[in-house]
file target.txt (compact mmCIF, C-alpha atoms)
# COMPACT_ATOMS: atom_id res chain seq x y z
CA PRO A 20 53.18 85.08 70.89
CA GLU A 21 56.45 85.59 72.76
CA PHE A 22 58.43 85.08 69.56
CA GLN A 23 56.21 87.54 67.67
CA GLU A 24 56.82 90.17 70.34
CA ARG A 25 60.58 89.71 69.95
CA GLN A 26 60.75 89.31 66.18
CA PHE A 27 62.43 92.70 65.74
CA ASP A 28 65.03 92.15 68.47
CA TRP A 29 68.62 91.92 67.26
CA GLU A 30 69.35 88.77 69.20
CA GLN A 31 67.23 86.00 67.71
CA PRO A 32 68.37 82.59 68.99
CA GLU A 33 65.45 80.81 67.32
CA LEU A 34 66.20 82.27 63.89
CA THR A 35 69.93 81.70 64.37
CA LYS A 36 69.30 78.02 65.08
CA GLU A 37 66.94 77.80 62.09
CA ILE A 38 69.55 79.33 59.76
CA ILE A 39 72.34 77.02 60.88
CA SER A 40 70.05 73.95 60.71
CA LEU A 41 68.98 74.78 57.16
CA ARG A 42 72.59 75.42 56.14
CA GLU A 43 73.71 72.13 57.63
CA ALA A 44 70.94 70.36 55.73
CA ILE A 45 72.07 71.96 52.45
CA ARG A 46 75.72 71.01 53.09
CA SER A 47 74.77 67.43 53.84
CA SER A 48 75.85 64.81 51.31
CA GLU A 49 72.25 63.55 51.32
CA PHE A 50 70.73 66.89 50.26
CA ALA A 51 71.13 66.12 46.55
CA ASP A 52 69.13 62.90 47.05
CA LEU A 53 66.03 64.79 48.20
CA ASP A 54 63.24 65.41 45.70
CA ILE A 55 63.16 68.73 43.86
CA VAL A 56 60.31 70.24 45.88
CA ARG A 57 61.93 69.47 49.23
CA ARG A 58 65.25 71.00 48.16
CA CYS A 59 63.45 74.12 46.93
CA GLN A 60 61.57 74.34 50.22
CA VAL A 61 64.75 74.17 52.28
CA LEU A 62 66.50 76.84 50.20
CA THR A 63 63.41 79.07 50.15
CA ASN A 64 63.06 78.82 53.92
CA LEU A 65 66.73 79.70 54.33
CA GLY A 66 66.22 82.77 52.15
CA ASN A 67 63.17 83.75 54.19
CA ALA A 68 65.07 83.44 57.48
CA LEU A 69 68.06 85.43 56.20
CA ASP A 70 65.76 88.15 54.90
CA ALA A 71 63.97 88.25 58.27
CA VAL A 72 67.23 89.09 60.06
CA GLY A 73 68.12 91.86 57.60
CA ARG A 74 70.40 90.03 55.15
CA PRO A 75 68.81 90.51 51.71
CA ILE A 76 72.02 89.79 49.77
CA ASP A 77 72.34 86.30 51.27
CA ALA A 78 68.58 85.76 51.05
CA LEU A 79 68.58 86.47 47.30
CA ALA A 80 71.40 83.99 46.81
CA ALA A 81 69.37 81.28 48.58
CA TRP A 82 66.18 81.99 46.62
CA ASP A 83 68.14 82.01 43.35
CA GLU A 84 69.65 78.64 44.21
CA ALA A 85 66.14 77.26 44.69
CA LEU A 86 65.11 78.71 41.32
CA GLN A 87 68.10 77.10 39.63
CA ILE A 88 66.64 73.77 40.73
CA GLU A 89 63.07 74.65 39.70
CA PRO A 90 62.58 78.04 37.94
CA LYS A 91 58.80 77.92 38.44
CA PHE A 92 58.79 77.25 42.18
CA ALA A 93 56.15 79.74 43.31
CA MET A 94 57.22 80.45 46.88
CA ALA A 95 60.82 81.13 45.89
CA LEU A 96 59.60 83.48 43.15
CA ALA A 97 57.19 85.27 45.47
CA ASN A 98 59.59 85.64 48.39
CA ARG A 99 62.41 86.74 46.09
CA ALA A 100 60.12 89.41 44.64
CA SER A 101 59.19 90.64 48.11
CA GLY A 102 62.85 90.61 49.12
CA LEU A 103 63.84 92.66 46.07
CA SER A 104 61.18 95.23 46.95
CA GLY A 105 62.43 95.56 50.52
CA TYR A 106 66.09 95.65 49.48
CA SER A 107 65.43 98.42 46.95
CA ALA A 108 63.94 100.67 49.63
CA ALA A 109 67.40 101.00 51.20
CA PHE A 110 69.12 102.46 48.11
CA TYR A 111 70.13 106.08 47.64
CA ASP A 112 70.11 105.63 43.84
CA PRO A 113 66.56 105.84 42.35
CA GLY A 114 67.80 104.19 39.14
CA HIS A 115 68.82 101.09 41.09
CA GLN A 116 65.47 101.13 42.85
CA CYS A 117 63.64 101.07 39.53
CA ILE A 118 65.69 98.15 38.19
CA PHE A 119 65.11 96.15 41.37
CA LEU A 120 61.38 96.85 41.37
CA ALA A 121 61.09 95.83 37.71
CA GLU A 122 62.75 92.54 38.61
CA ALA A 123 60.37 92.19 41.57
CA ALA A 124 57.37 92.74 39.28
CA LYS A 125 58.57 89.90 37.03
CA GLY A 126 58.88 87.64 40.06
CA PHE A 127 55.35 88.35 41.23
CA GLU A 128 54.06 87.82 37.68
CA PHE A 129 55.79 84.42 37.36
CA ALA A 130 54.60 83.33 40.82
CA LEU A 131 51.00 84.14 39.84
CA ALA A 132 51.23 82.41 36.44
CA THR A 133 49.08 79.35 35.83
CA ASP A 134 52.13 77.10 35.34
CA ALA A 135 53.80 78.12 38.63
CA ILE A 136 54.59 75.19 40.92
CA TRP A 137 53.10 75.44 44.41
CA ASP A 138 54.44 73.04 47.00
CA SER A 139 51.10 72.70 48.78
CA GLU A 140 47.53 73.95 48.76
CA TYR A 141 47.72 77.54 49.95
CA PRO A 142 44.56 79.53 50.76
CA ASP A 143 43.33 81.98 48.13
CA SER A 144 44.38 84.84 50.43
CA VAL A 145 48.05 84.09 49.67
CA ARG A 146 47.56 84.66 45.95
CA GLU A 147 45.45 87.74 46.70
CA GLN A 148 48.29 89.20 48.77
CA LEU A 149 50.77 88.52 45.97
CA GLU A 150 48.45 90.09 43.43
CA ALA A 151 48.11 93.21 45.61
CA LYS A 152 51.91 93.51 45.94
CA TYR A 153 52.31 92.99 42.20
CA GLN A 154 49.84 95.76 41.36
CA HIS A 155 51.45 98.10 43.91
CA VAL A 156 54.90 97.64 42.35
CA ARG A 157 53.53 98.04 38.83
CA ALA A 158 51.79 101.29 39.81
CA TYR A 159 55.03 102.67 41.27
CA LEU A 160 57.00 101.72 38.16
CA ALA A 161 54.45 103.38 35.87
CA VAL A 162 54.72 106.70 37.69
CA ASN A 163 58.38 106.82 38.74
CA CYS A 164 60.45 104.73 36.32
CA ASP A 165 61.17 104.77 32.61
CA LEU A 166 62.81 101.47 31.70
CA ALA A 167 61.70 101.35 28.06
CA GLY A 168 64.50 99.81 26.04
CA PHE A 169 66.53 98.99 29.15
CA ASP A 170 68.92 96.08 28.57
CA PRO A 171 71.09 95.02 31.54
CA ASP A 172 73.41 93.01 29.28
CA LYS A 173 74.36 95.62 26.66
CA TYR A 174 77.42 96.89 28.51
CA GLU A 175 81.03 95.98 27.77
CA LEU A 176 82.91 93.76 30.22
CA GLY A 177 86.33 95.20 29.43
CA ASP A 178 88.77 96.22 26.72
CA THR A 179 90.91 93.08 26.84
CA SER A 180 90.29 89.35 27.06
CA ASP A 181 91.89 89.31 30.53
CA ALA A 182 89.58 92.06 31.76
CA ARG A 183 86.54 90.33 30.31
CA ALA A 184 87.50 87.02 31.93
CA PHE A 185 88.05 88.66 35.32
CA ASN A 186 84.84 90.69 35.22
CA SER A 187 82.81 87.71 34.04
CA TRP A 188 84.19 85.61 36.91
CA ARG A 189 83.28 88.30 39.44
CA LEU A 190 79.77 88.63 38.01
CA GLN A 191 79.18 84.90 38.18
CA HIS A 192 80.28 84.81 41.83
CA ARG A 193 78.42 88.05 42.72
CA LEU A 194 81.57 89.85 43.82
CA PHE A 195 81.00 93.35 42.46
CA LEU A 196 80.31 96.14 44.95
CA ASN A 197 77.12 96.84 43.11
CA PRO A 198 73.67 95.70 44.30
CA LEU A 199 72.66 95.04 40.69
CA ASN A 200 74.97 92.02 40.82
CA ASP A 201 72.51 90.49 43.31
CA ILE A 202 69.91 90.32 40.53
CA GLY A 203 72.22 88.26 38.35
CA ALA A 204 75.38 88.17 36.25
CA HIS A 205 74.38 91.13 34.04
CA SER A 206 77.07 93.31 32.50
CA ILE A 207 75.46 96.48 33.89
CA ALA A 208 76.66 95.35 37.33
CA ALA A 209 80.34 95.01 36.32
CA GLN A 210 81.41 98.19 38.13
CA ASP A 211 82.20 98.80 41.79
CA VAL A 212 80.08 101.93 41.92
CA PHE A 213 78.43 101.59 45.33
CA HIS A 214 79.55 104.28 47.76
CA LEU A 215 78.35 106.15 50.81
CA PRO A 216 75.30 108.41 50.55
CA ASN A 217 75.42 112.05 51.58
CA HIS A 218 75.98 112.29 55.31
CA THR A 219 76.57 114.91 58.00
CA TYR A 220 79.42 115.93 60.29
CA GLY A 221 79.71 118.43 63.08
CA LEU A 222 81.89 121.41 62.15
CA ASP A 223 84.65 120.17 64.46
CA GLU A 224 84.61 116.59 63.10
CA PRO A 225 87.06 115.30 60.47
CA VAL A 226 85.57 113.98 57.21
CA ILE A 227 86.79 110.41 57.55
CA PHE A 228 84.15 107.97 56.37
CA PRO A 229 84.55 108.43 52.60
CA ARG A 230 88.27 107.72 53.10
CA TYR A 231 87.49 104.62 55.16
CA PHE A 232 85.06 103.44 52.50
CA ASP A 233 87.47 104.03 49.62
CA LEU A 234 90.16 102.02 51.40
CA LEU A 235 87.71 99.20 52.11
CA LYS A 236 86.69 99.05 48.47
CA GLN A 237 90.26 99.19 47.17
CA GLU A 238 91.42 96.38 49.43
CA TYR A 239 88.35 94.35 48.56
CA VAL A 240 88.93 94.53 44.79
CA ALA A 241 92.60 93.68 45.37
CA ALA A 242 91.49 90.55 47.27
CA CYS A 243 89.16 89.63 44.39
CA THR A 244 92.05 90.06 41.96
CA LEU A 245 94.35 87.85 44.02
CA LEU A 246 91.79 85.08 44.28
CA PHE A 247 91.05 85.16 40.55
CA GLU A 248 94.76 84.99 39.76
CA GLY A 249 95.17 82.19 42.28
CA LEU A 250 92.38 80.17 40.69
CA GLU A 251 92.50 81.12 37.03
CA GLY A 252 95.94 82.69 36.43
CA GLU A 253 99.22 81.25 35.24
CA ARG A 254 99.70 77.67 36.35
CA VAL A 255 103.47 77.97 36.70
CA TYR A 256 105.15 81.21 37.79
CA ALA A 257 108.82 81.95 37.26
CA ALA A 258 109.32 82.01 41.04
CA ASP A 259 107.93 78.49 41.30
CA GLN A 260 110.40 77.23 38.68
CA THR A 261 113.43 78.49 40.58
CA LEU A 262 112.25 77.52 44.06
CA LEU A 263 113.87 74.48 45.68
CA GLY A 264 111.36 72.36 47.62
CA PHE A 265 111.08 68.82 48.88
CA GLU A 266 108.68 66.15 47.72
CA HIS A 267 106.59 65.13 50.73
CA ALA A 268 104.48 62.54 48.90
CA ASP A 269 101.30 64.00 50.38
CA TYR A 270 99.79 65.72 47.31
CA ALA A 271 100.80 69.12 48.68
CA ILE A 272 100.41 72.14 46.37
CA ASN A 273 103.10 74.71 47.08
CA THR A 274 102.76 77.40 44.41
CA VAL A 275 102.38 81.14 44.01
CA GLN A 276 98.78 80.43 43.03
CA THR A 277 97.89 78.85 46.38
CA GLU A 278 99.63 81.70 48.23
CA LYS A 279 97.49 84.20 46.33
CA GLN A 280 94.38 82.31 47.42
CA LYS A 281 95.56 82.37 51.04
CA ALA A 282 96.31 86.09 50.79
CA ALA A 283 92.85 86.77 49.35
CA PHE A 284 91.26 84.86 52.23
CA ARG A 285 93.27 86.76 54.83
CA MET A 286 92.51 90.13 53.24
CA ALA A 287 88.80 89.40 53.04
CA TYR A 288 88.69 88.30 56.68
CA SER A 289 90.54 91.43 57.81
CA LEU A 290 88.10 93.63 55.87
CA LEU A 291 85.37 92.55 58.26
CA ASP A 292 87.38 93.86 61.22
CA LYS A 293 87.93 97.12 59.33
CA CYS A 294 84.18 97.37 58.87
CA ALA A 295 84.01 97.08 62.66
CA VAL A 296 86.28 100.12 62.95
CA PHE A 297 83.92 102.04 60.65
CA ILE A 298 80.94 101.06 62.84
CA ASN A 299 82.84 101.93 66.01
CA ASP A 300 83.73 105.43 64.78
CA TYR A 301 80.44 106.22 63.02
CA PHE A 302 78.30 105.34 66.05
CA LYS A 303 80.87 106.56 68.59
CA LEU A 304 81.00 103.25 70.46
CA GLY A 305 84.25 104.13 72.19
CA HIS A 306 86.22 100.95 71.47
CA ASP A 307 89.94 101.35 70.92
CA PRO A 308 90.37 101.06 67.11
CA HIS A 309 94.06 100.19 67.62
CA SER A 310 93.24 97.19 69.81
CA LEU A 311 93.39 93.74 68.25
CA SER A 312 90.40 92.83 70.41
CA THR A 313 88.10 95.13 68.42
CA SER A 314 86.65 92.82 65.79
CA PHE A 315 83.56 92.51 63.62
CA ARG A 316 82.32 89.81 65.98
CA ASN A 317 82.57 91.81 69.20
CA VAL A 318 82.26 95.49 68.22
CA TRP A 319 78.55 95.40 69.05
CA TYR A 320 78.97 94.88 72.78
CA CYS A 321 80.12 96.55 75.93
CA GLY A 322 81.02 94.57 79.02
CA ARG A 323 82.36 91.04 79.12
CA GLY A 324 81.09 87.61 80.00
CA ALA A 325 77.71 87.55 81.71
CA LYS A 326 77.71 91.37 81.78
CA ARG A 327 78.07 91.67 77.99
CA VAL A 328 75.21 93.63 76.41
CA LEU A 329 74.59 95.39 73.12
CA HIS A 330 76.18 98.85 73.17
CA PRO A 331 73.62 101.54 74.10
CA ASN A 332 74.85 103.81 71.26
CA LEU A 333 73.67 101.34 68.64
CA PRO A 334 70.39 102.46 67.03
CA ILE A 335 68.32 99.31 67.49
CA LYS A 336 65.75 100.46 64.92
CA ASN A 337 68.36 100.72 62.17
CA TRP A 338 67.28 97.60 60.29
CA ARG A 339 70.35 97.61 58.05
CA LEU A 340 72.69 97.71 61.05
CA ARG A 341 70.79 94.80 62.54
CA GLY A 342 71.58 92.94 59.31
CA LEU A 343 75.32 93.55 59.82
CA TYR A 344 75.00 92.31 63.39
CA SER A 345 73.40 89.12 62.05
CA LEU A 346 76.20 88.84 59.47
CA SER A 347 78.75 88.92 62.29
CA LEU A 348 77.21 85.71 63.65
CA ASP A 349 78.72 83.91 60.65
CA LEU A 350 82.12 84.30 62.35
CA TYR A 351 83.55 82.30 65.23
CA GLU A 352 85.65 83.59 68.12
CA ASN A 353 86.50 81.89 71.39
CA ASP A 354 84.34 84.31 73.37
CA PHE A 355 81.45 84.02 70.88
CA ARG A 356 80.71 80.39 70.20
CA GLU A 357 77.16 80.82 68.89
CA THR A 358 77.30 81.13 65.10
CA ALA A 359 74.88 80.96 62.21
CA SER A 360 77.32 79.18 59.90
CA PRO A 361 78.62 75.60 60.04
CA LEU A 362 81.79 76.83 58.27
CA ALA A 363 82.64 79.49 60.86
CA HIS A 364 84.88 77.35 63.07
CA GLN A 365 86.99 76.14 60.16
CA ALA A 366 87.34 79.68 58.80
CA CYS A 367 88.60 80.86 62.18
CA ASP A 368 91.14 78.03 62.30
CA VAL A 369 92.33 78.77 58.76
CA ARG A 370 92.72 82.47 59.51
CA ASN A 371 94.71 81.90 62.69
CA ALA A 372 96.94 79.35 61.01
CA ALA A 373 97.47 81.49 57.90
CA GLU A 374 98.30 84.59 59.96
CA HIS A 375 100.42 83.06 62.72
CA ARG A 376 101.45 79.52 61.79
CA PHE A 377 101.24 77.51 58.55
CA VAL A 378 98.57 76.29 56.12
CA SER A 379 99.45 73.39 53.85
CA VAL A 380 97.21 72.97 50.78
CA HIS A 381 96.69 69.55 49.19
CA GLU A 382 95.03 68.17 46.08
CA MET A 383 93.57 65.53 48.38
CA LEU A 384 93.94 64.95 52.10
CA LEU A 385 95.42 61.57 52.99
CA HIS A 386 94.61 62.09 56.66
CA THR A 387 92.81 64.64 58.79
CA ASP A 388 95.55 65.17 61.34
CA ASP A 389 97.57 68.36 61.19
CA ILE A 390 101.35 68.14 61.40
CA GLY A 391 102.87 70.26 64.16
CA ALA A 392 101.85 73.89 63.70
CA CYS A 393 100.74 73.22 60.11
CA LEU A 394 97.01 73.11 59.29
CA ALA A 395 96.26 70.76 56.38
CA LEU A 396 93.56 71.95 53.97
CA SER A 397 92.25 70.63 50.67
CA ALA A 398 92.41 72.89 47.61
CA SER A 399 88.64 72.84 47.31
CA ASP A 400 88.22 73.88 50.95
CA LEU A 401 90.61 76.79 50.51
CA GLU A 402 88.74 77.97 47.41
CA SER A 403 85.33 77.71 49.08
CA GLN A 404 86.51 79.48 52.24
CA ALA A 405 88.13 82.30 50.24
CA LEU A 406 84.98 82.80 48.14
CA ARG A 407 82.79 82.66 51.23
CA MET A 408 84.90 85.26 53.01
CA LEU A 409 84.86 87.58 49.99
CA ARG A 410 81.07 87.34 49.86
CA LEU A 411 80.85 88.14 53.57
CA ALA A 412 83.15 91.14 53.07
CA ARG A 413 81.07 92.32 50.13
CA SER A 414 77.86 92.05 52.13
CA ALA A 415 79.45 93.99 54.99
CA ILE A 416 80.80 96.78 52.77
CA ILE A 417 77.50 97.24 50.93
CA GLY A 418 75.75 96.99 54.28
CA LEU A 419 77.78 99.88 55.69
CA SER A 420 76.45 102.18 52.97
CA LEU A 421 72.88 101.04 53.62
CA VAL A 422 73.40 101.58 57.35
CA VAL A 423 74.56 105.17 56.78
CA GLN A 424 71.68 105.80 54.37
CA HIS A 425 69.15 104.60 56.96
CA GLN A 426 70.78 106.52 59.79
CA GLU A 427 71.08 109.82 57.90
CA LYS A 428 67.43 109.68 56.83
CA HIS A 429 66.36 109.56 60.46
CA LEU A 430 68.82 112.06 61.95
CA LYS A 431 67.52 115.44 62.94
CA GLU A 432 69.91 117.73 61.13
CA LYS A 433 71.40 120.53 63.24
CA ALA A 434 71.93 124.02 61.87
CA SER A 435 75.66 123.67 62.52
CA ASP A 436 75.99 120.34 60.70
CA LEU A 437 78.15 120.05 57.61
CA VAL A 438 76.62 117.87 54.89
CA MET A 439 79.21 115.81 53.02
CA PRO A 440 77.94 115.29 49.46
CA ILE A 441 79.36 112.21 47.80
CA PHE A 442 80.56 112.37 44.22
CA ALA A 443 83.06 110.28 42.31
CA ILE A 444 85.90 111.21 39.97
CA PRO A 445 86.89 108.38 37.61
CA LYS A 446 90.47 107.20 38.00
CA ASP A 447 92.98 108.05 35.30
CA PRO A 448 93.57 104.69 33.56
CA ARG A 449 97.16 105.54 32.73
call {"tool": "encode", "arguments": {"input": "target.txt", "output": "structure tokens"}}
result
Amino acid sequence: PEFQERQFDWEQPELTKEIISLREAIRSSEFADLDIVRRCQVLTNLGNALDAVGRPIDALAAWDEALQIEPKFAMALANRASGLSGYSAAFYDPGHQCIFLAEAAKGFEFALATDAIWDSEYPDSVREQLEAKYQHVRAYLAVNCDLAGFDPDKYELGDTSDARAFNSWRLQHRLFLNPLNDIGAHSIAAQDVFHLPNHTYGLDEPVIFPRYFDLLKQEYVAACTLLFEGLEGERVYAADQTLLGFEHADYAINTVQTEKQKAAFRMAYSLLDKCAVFINDYFKLGHDPHSLSTSFRNVWYCGRGAKRVLHPNLPIKNWRLRGLYSLSLDLYENDFRETASPLAHQACDVRNAAEHRFVSVHEMLLHTDDIGACLALSASDLESQALRMLRLARSAIIGLSLVVQHQEKHLKEKASDLVMPIFAIPKDPR
């Protein structure tokens, strides 16, 4: 009962522990040895927990991973469908809402099919609830959406082979700033179209948030480009051929490619702190945006130590903002040791070393000890950390738009307010 009373609180130590435990189980070398049903259960439960704390992007990724193992696993299908429905309610674009709800309807239909795989004997009321949700979504689609002839894969991925390779890579890794990419690697999602919704300013306030958001998006796509080039680009650059280096006999990889991967990781990590500046200014939290101590991990609080509490200016009922708060728990800082990610500590170490000391990348690590001020890292660890940080940055940037959408819907507009309509002008390709 106590947990049920607190289930909408931002600080959820029970759910945080559940998320990290499930993630640690998935990362375990023994996870692949579990039977199919158990693996699907673990991934489905992780998706459910992430969705419960307001992180639908990460929840969808977990449910989809379960469905890659067993496409007919009923609870993953059903929870994914429910998650898609809830996620769609946050959008300012009715077209995106329709596409998401059509995908949700398919999920409910597959979960209710006679060949769906149920992991245990559920009461008939569970299927009845799913049937009711299915019919509700279908009724909405019939009245509000016209998707006849809609094909999410009919769009071009680019004019050149390089563009197609890059866009395909981003789609596969769900790196486009486009919620449609969370449904799958469909070509319709190969555009970074997500922006802020219409929002209001006082007449004496500068119009700053579209500029903030544009800069976030531009830096994000630059980080994606650097990582792609670092992983998939030229194997030998001219600068590498003319650079004198020593052979350390430790399988070290010292190339322009690895430096691009490091740069992508650093840029993605810094984007999270820039999202904190957006939150600080939008909600008037009063932190110094020029201070290095204002970070995505600590922007939510006022006070320090035992006196640290959530800032009173934060709208606790903004569910999307609560999701960003939960996302911040995936980062580690010395003053914030509780995390929801087993990779957070290593990411913090890599960032500090890459920014202020040295990171040495190796095909394989011969030992685990670092040398002096040099952090040793395997190539696979660098790639996974860079991808993870880009996904976190993407979730945060999309989340900012959803936060503003939620907040503006519930603001009581003043007669003196200036509404900032958002429209986009395509860039000149020349």
call {"tool": "closest_residue", "arguments": {"input": "target.txt", "among": "A:Leu346, A:Leu235, A:Ala208, A:Leu406", "to": "Arg74 (chain A)", "atoms": "only C-alpha atoms"}}
result
A:Leu346
call {"tool": "residues_around", "arguments": {"input": "target.txt", "residues": "Ala71 (chain A)", "least_positions_apart": "3", "cutoff": "10 Å", "atoms": "only C-alpha atoms", "output": "compact mmCIF listing (two decimals) with C-alpha atoms, keeping the file's coordinate frame"}}
result
# COMPACT_ATOMS: atom_id res chain seq x y z
CA GLN A 26 60.75 89.31 66.18
CA PHE A 27 62.43 92.70 65.74
CA LEU A 34 66.20 82.27 63.89
CA LEU A 65 66.73 79.70 54.33
CA GLY A 66 66.22 82.77 52.15
CA ASN A 67 63.17 83.75 54.19
CA ALA A 68 65.07 83.44 57.48
CA ARG A 74 70.40 90.03 55.15
CA PRO A 75 68.81 90.51 51.71
CA ALA A 78 68.58 85.76 51.05
CA GLY A 102 62.85 90.61 49.12
CA GLY A 342 71.58 92.94 59.31
call {"tool": "atom_distance", "arguments": {"input": "target.txt", "atom1": "CA of Ser101 (chain A)", "atom2": "CA of Leu79 (chain A)"}}
result
10.3 Å
call {"tool": "closest_atom_pairs", "arguments": {"input": "target.txt", "of": "region 118-171 of chain A", "to": "region 52-62 of chain A", "cutoff": "12 Å", "atoms": "only C-alpha atoms", "output": "tab-separated table"}}
result
residue	atom	partner	partner_atom	distance
A:Ile136	CA	A:Val56	CA	9.0
A:Trp137	CA	A:Val56	CA	9.0
A:Asp138	CA	A:Val56	CA	6.6
A:Ser139	CA	A:Val56	CA	10.0
call {"tool": "atom_distance", "arguments": {"input": "target.txt", "atom1": "CA of Tyr351 (chain A)", "atom2": "CA of Phe315 (chain A)"}}
result
10.3 Å
call {"tool": "closest_atom_pairs", "arguments": {"input": "target.txt", "of": "region 36-147 of chain A", "to": "region 358-361 of chain A", "cutoff": "7 Å", "atoms": "all atoms listed in the file", "output": "tab-separated table"}}
result
residue	atom	partner	partner_atom	distance
A:Lys36	CA	A:Ala359	CA	6.9
A:Ile38	CA	A:Ala359	CA	6.1
A:Ile39	CA	A:Ala359	CA	4.9
A:Glu43	CA	A:Pro361	CA	6.5
call {"tool": "atom_distance", "arguments": {"input": "target.txt", "atom1": "CA of Glu122 (chain A)", "atom2": "CA of Tyr344 (chain A)"}}
result
27.6 Å
call {"tool": "closest_residue", "arguments": {"input": "target.txt", "among": "A:Ala158, A:Leu411, A:Ala123, A:Leu222", "to": "Ser345 (chain A)", "atoms": "all atoms listed in the file"}}
result
A:Leu411
call {"tool": "residues_around", "arguments": {"input": "target.txt", "residues": "region 215-217 of chain A", "least_positions_apart": "3", "cutoff": "12 Å", "atoms": "all atoms listed in the file", "output": "PyMOL selection string"}}
result
chain A and resi 109-112+196+212+220+226-233+235-236+416-428+437-443
call {"tool": "residues_near_point", "arguments": {"input": "target.txt", "point": "(62.0, 81.0, 38.1)", "cutoff": "12 Å", "atoms": "only C-alpha atoms", "output": "tab-separated table (two decimals) with C-alpha atoms, keeping the file's coordinate frame"}}
result
chain	number	residue	atom	x	y	z
A	59	CYS	CA	63.45	74.12	46.93
A	82	TRP	CA	66.18	81.99	46.62
A	83	ASP	CA	68.14	82.01	43.35
A	84	GLU	CA	69.65	78.64	44.21
A	85	ALA	CA	66.14	77.26	44.69
A	86	LEU	CA	65.11	78.71	41.32
A	87	GLN	CA	68.10	77.10	39.63
A	88	ILE	CA	66.64	73.77	40.73
A	89	GLU	CA	63.07	74.65	39.70
A	90	PRO	CA	62.58	78.04	37.94
A	91	LYS	CA	58.80	77.92	38.44
A	92	PHE	CA	58.79	77.25	42.18
A	93	ALA	CA	56.15	79.74	43.31
A	94	MET	CA	57.22	80.45	46.88
A	95	ALA	CA	60.82	81.13	45.89
A	96	LEU	CA	59.60	83.48	43.15
A	97	ALA	CA	57.19	85.27	45.47
A	98	ASN	CA	59.59	85.64	48.39
A	99	ARG	CA	62.41	86.74	46.09
A	100	ALA	CA	60.12	89.41	44.64
A	122	GLU	CA	62.75	92.54	38.61
A	123	ALA	CA	60.37	92.19	41.57
A	125	LYS	CA	58.57	89.90	37.03
A	126	GLY	CA	58.88	87.64	40.06
A	127	PHE	CA	55.35	88.35	41.23
A	128	GLU	CA	54.06	87.82	37.68
A	129	PHE	CA	55.79	84.42	37.36
A	130	ALA	CA	54.60	83.33	40.82
A	131	LEU	CA	51.00	84.14	39.84
A	132	ALA	CA	51.23	82.41	36.44
A	134	ASP	CA	52.13	77.10	35.34
A	135	ALA	CA	53.80	78.12	38.63
A	136	ILE	CA	54.59	75.19	40.92
call {"tool": "residues_around", "arguments": {"input": "target.txt", "residues": "Tyr256 (chain A)", "least_positions_apart": "5", "cutoff": "10 Å", "atoms": "only C-alpha atoms", "output": "PyMOL selection string"}}
result
chain A and resi 261+274-276
call {"tool": "residues_around", "arguments": {"input": "target.txt", "residues": "Asn353 (chain A)", "least_positions_apart": "4", "cutoff": "12 Å", "atoms": "all atoms listed in the file", "output": "ChimeraX atom specification"}}
result
/A:312,316-317,324,357-358,363-364,367-368,371
call {"tool": "closest_residue", "arguments": {"input": "target.txt", "among": "A:Ser347, A:Ser403, A:Asn337, A:Asn332", "to": "Leu304 (chain A)", "atoms": "only C-alpha atoms"}}
result
A:Asn332
call {"tool": "closest_residue", "arguments": {"input": "target.txt", "among": "A:Ala80, A:Leu149, A:Ile272, A:Ala258", "to": "Ser414 (chain A)", "atoms": "only C-alpha atoms"}}
result
A:Ala80
call {"tool": "residues_around", "arguments": {"input": "target.txt", "residues": "Arg193 (chain A)", "least_positions_apart": "2", "cutoff": "12 Å", "atoms": "all atoms listed in the file", "output": "ChimeraX atom specification"}}
result
/A:76-77,79-80,83,186-191,195-206,208-211,243,406-407,409-414
call {"tool": "write_last_selection", "arguments": {"input": "target.txt", "atoms": "C-alpha atoms", "output": "short mmCIF file (atom, residue, chain, number, x, y, z; two decimals), keeping the file's coordinate frame"}}
result
data_model
loop_
_atom_site.label_atom_id
_atom_site.label_comp_id
_atom_site.auth_asym_id
_atom_site.auth_seq_id
_atom_site.Cartn_x
_atom_site.Cartn_y
_atom_site.Cartn_z
CA ILE A 76 72.02 89.79 49.77
CA ASP A 77 72.34 86.30 51.27
CA LEU A 79 68.58 86.47 47.30
CA ALA A 80 71.40 83.99 46.81
CA ASP A 83 68.14 82.01 43.35
CA ASN A 186 84.84 90.69 35.22
CA SER A 187 82.81 87.71 34.04
CA TRP A 188 84.19 85.61 36.91
CA ARG A 189 83.28 88.30 39.44
CA LEU A 190 79.77 88.63 38.01
CA GLN A 191 79.18 84.90 38.18
CA PHE A 195 81.00 93.35 42.46
CA LEU A 196 80.31 96.14 44.95
CA ASN A 197 77.12 96.84 43.11
CA PRO A 198 73.67 95.70 44.30
CA LEU A 199 72.66 95.04 40.69
CA ASN A 200 74.97 92.02 40.82
CA ASP A 201 72.51 90.49 43.31
CA ILE A 202 69.91 90.32 40.53
CA GLY A 203 72.22 88.26 38.35
CA ALA A 204 75.38 88.17 36.25
CA HIS A 205 74.38 91.13 34.04
CA SER A 206 77.07 93.31 32.50
CA ALA A 208 76.66 95.35 37.33
CA ALA A 209 80.34 95.01 36.32
CA GLN A 210 81.41 98.19 38.13
CA ASP A 211 82.20 98.80 41.79
CA CYS A 243 89.16 89.63 44.39
CA LEU A 406 84.98 82.80 48.14
CA ARG A 407 82.79 82.66 51.23
CA LEU A 409 84.86 87.58 49.99
CA ARG A 410 81.07 87.34 49.86
CA LEU A 411 80.85 88.14 53.57
CA ALA A 412 83.15 91.14 53.07
CA ARG A 413 81.07 92.32 50.13
CA SER A 414 77.86 92.05 52.13
#
call {"tool": "closest_residue", "arguments": {"input": "target.txt", "among": "A:His218, A:Lys152, A:Phe247, A:Leu166", "to": "His115 (chain A)", "atoms": "all atoms listed in the file"}}
result
A:Leu166
